[in-house]
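Okay, structure first, notes after.
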Amino acid sequence: MLGFRNHRLIFLFAAVLFLLPYESFCAKKKKNTEETQTAETIKLPSQKRTYFYKIDEKILSGVENGSPEALRQSMSLIKKSSSDYAENEKVLIYISTKIMQNVWKSQKFSWENVIPPEDNPYVGAIKSAENGVFDSSTGNVDFLSTLLPTFVVFNPNFKPSEEKQILESCEKSIKTALALSPDSIIANYLAGIIYMDKEDYNTSLKYLQFAYEKYPGIDEIVLAYVKSLRGNGKYEMASAILAGSAKDANDIAFLKQNAYVAFESKDYANAELYVAKVLQQTPNDLEFLLFRAKILIEKNDYIHAVSLLDMYARQDNSSIDYLLLRAKLQMDWSKNTTAATETIEKALQLYPDNMDALLFAARISSVTDLPVAGKYADELSSIILKLSPSNVSAMEYALDGLIQRENWKEAYEVSKNLISMENISFETMEKYVTVCIKLGKNNEAFEYAKKIHDANPNDETVLQMYILAYIKVGNRETVLKFIDSQLTGSNAKMKSFLYYARSFLQYTENNTLADLRSSLISNPRNSDSLFRLYEIYYDKKDYRKAQYYLKQVVAINPNDSNVKKLNEALTKLIQ
């Protein structure tokens, strides 16, 4: 029995020895498969350095790292008499010089530049990039030939919004470069810039944070990191990094970033101070002249903003930022929707895909119920929502347009989507309840209104929403009792609404009219009560009295095209 057991152990041991090589083979095969899949995804170039292979690995690694410190060390190691440099060494020195000149402009370097061979692909890639061209002919044989074409993003005339194809090529190249050298500072910094140009601030932040943590004292990295933080809404962190920088407090680039951070944090007083400091040093800076006007508009200092816009317009009256600010001034200060419409239509002619212009056009249309650039608010908003499906402002303007045109079914879908989002205004909630009531979904309206009212019992907008829904489903006597209980202690505007709401519960015309008159005594500009009086007298064919009330509604809501049309029709009827 013991011999049998020993034979069994020997057999098991032999089996294990047999299986181990097989498991090792499987593990290697799996690893090779994963590596092949990665290579296929990114298509890495060969690691064999066919051009720089004779140069010391430490020197080449420093250039590939690309930080000012690493470049200085590499150039110190490679230093020779200019007549002794090999061709590939000249190319490497030229690349290092161009990195310092094009990327790290704030950094000093002391090595002597050399004249490289003209027909070299690395040299050609840099010169093409400096001329605004992405050079795809380098062959991407190594890290530097893959990276250098992306320098096109540093060209002062490069416009990311107009060069999307080039930006895609840059993204593809930088991914490959990072796969070859994930710790390269120049590659991480470039990735951050490219993704910022693509407005992918979340991805950008990852790369720029890596570069900043390694080199927090390089101006270009600090400024790019701050921009990326701004793009991610991290204003406090951006402000802290600027404050912690050792840079001179009056440096233009840092002043500008401080101004942007303050403005985006709604600290308009400090934003204006930073802008003033910029303009003291560069009084002809059109960008910051316009920025100052923008700050003044946010502070409701329209008079001074107008003079700045007029000053700017003498040199440029067609920039998108100018046109948007001019339209905002016309809309919010002058209350001239016709002029604002003309301005924003000009903006859309010049910049048809500009999201801000489309959004402002939707806003104008939602207020006037008139087409802007041939489209109504919901039509303009649909263009925006195709590009940015979660744009809340676009949804709200679409909802306004649909309500004005009484497209209740679509309005219901939009409002239903809106109330599922966070931080929605009570006004939007009220519109949802209104739409539900228009569609006969009274129970749904009341249940939602009650839930919001229970959570916010002291908000007047919520109370009004709740009462309108309560009227539709509640017992008449109970609702009347509730409305009467609210009348005591309410302000004049709220009392006006309560009398208006109570008028719907009256059995007789005299009591209805009495409530509406009480409503107007409390608030003579209650357009809902005025419009209801118009409807009552219109139904009685007392057209002159109906028009008396309707004209007041027009005066209160001069931009409401529906009310204007009703008044025009009534005028013709009376004549």
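Labels for the structure tokens follow display order: chains A, B, ..., residues from 1 in each chain, ligands from 1.
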
> Can you tell me, as a PyMOL selection string, what residues are no more than 12 Å from region 422-424 of chain A when counting only C-alpha atoms, ignoring any on the same chain fewer than 5 positions away?
Replying inline: chain A and resi 390+392-393+395-396+415-417+429-432+452

Print the selection's residues with C-alpha atoms to a file, as a short mmCIF file (atom, residue, chain, number, x, y, z; two decimals), in the first residue's frame.
```cif
data_model
loop_
_atom_site.label_atom_id
_atom_site.label_comp_id
_atom_site.auth_asym_id
_atom_site.auth_seq_id
_atom_site.Cartn_x
_atom_site.Cartn_y
_atom_site.Cartn_z
CA SER A 390 -26.49 68.11 -22.25
CA VAL A 392 -29.14 72.99 -20.31
CA SER A 393 -29.49 76.55 -21.65
CA MET A 395 -32.95 72.90 -23.65
CA GLU A 396 -34.49 75.79 -21.72
CA SER A 415 -39.33 69.67 -19.82
CA LYS A 416 -39.40 66.07 -18.56
CA ASN A 417 -35.74 65.74 -19.53
CA MET A 429 -40.04 73.43 -12.93
CA GLU A 430 -43.04 75.74 -13.21
CA LYS A 431 -42.96 75.42 -17.01
CA TYR A 432 -43.01 71.62 -16.67
CA ILE A 452 -41.17 70.59 -4.80
#
```

>> Give me, as a PyMOL selection string, the residues of region 220-411 of chain A that a backbone DSSP run labels helix (DSSP H, G or I).
In response: chain A and resi 220-231+235-244+252-264+268-281+286-298+302-313+320-332+337-350+355-368+377-387+392-404+408-411

> Could you name the residues that touch Glu236 (chain A) at 9 Å or less, counting only C-alpha atoms, but leaving out those on the same chain fewer than 3 positions away, as a ChimeraX atom specification?
Replying inline: /A:233,239-241,261,265

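The shortest atom-to-atom distance to Ile166 (chain A), with only C-alpha atoms taken into account, belongs to A:Val133 out of A:Ile384, A:Ala394, A:Met196, A:Val133.
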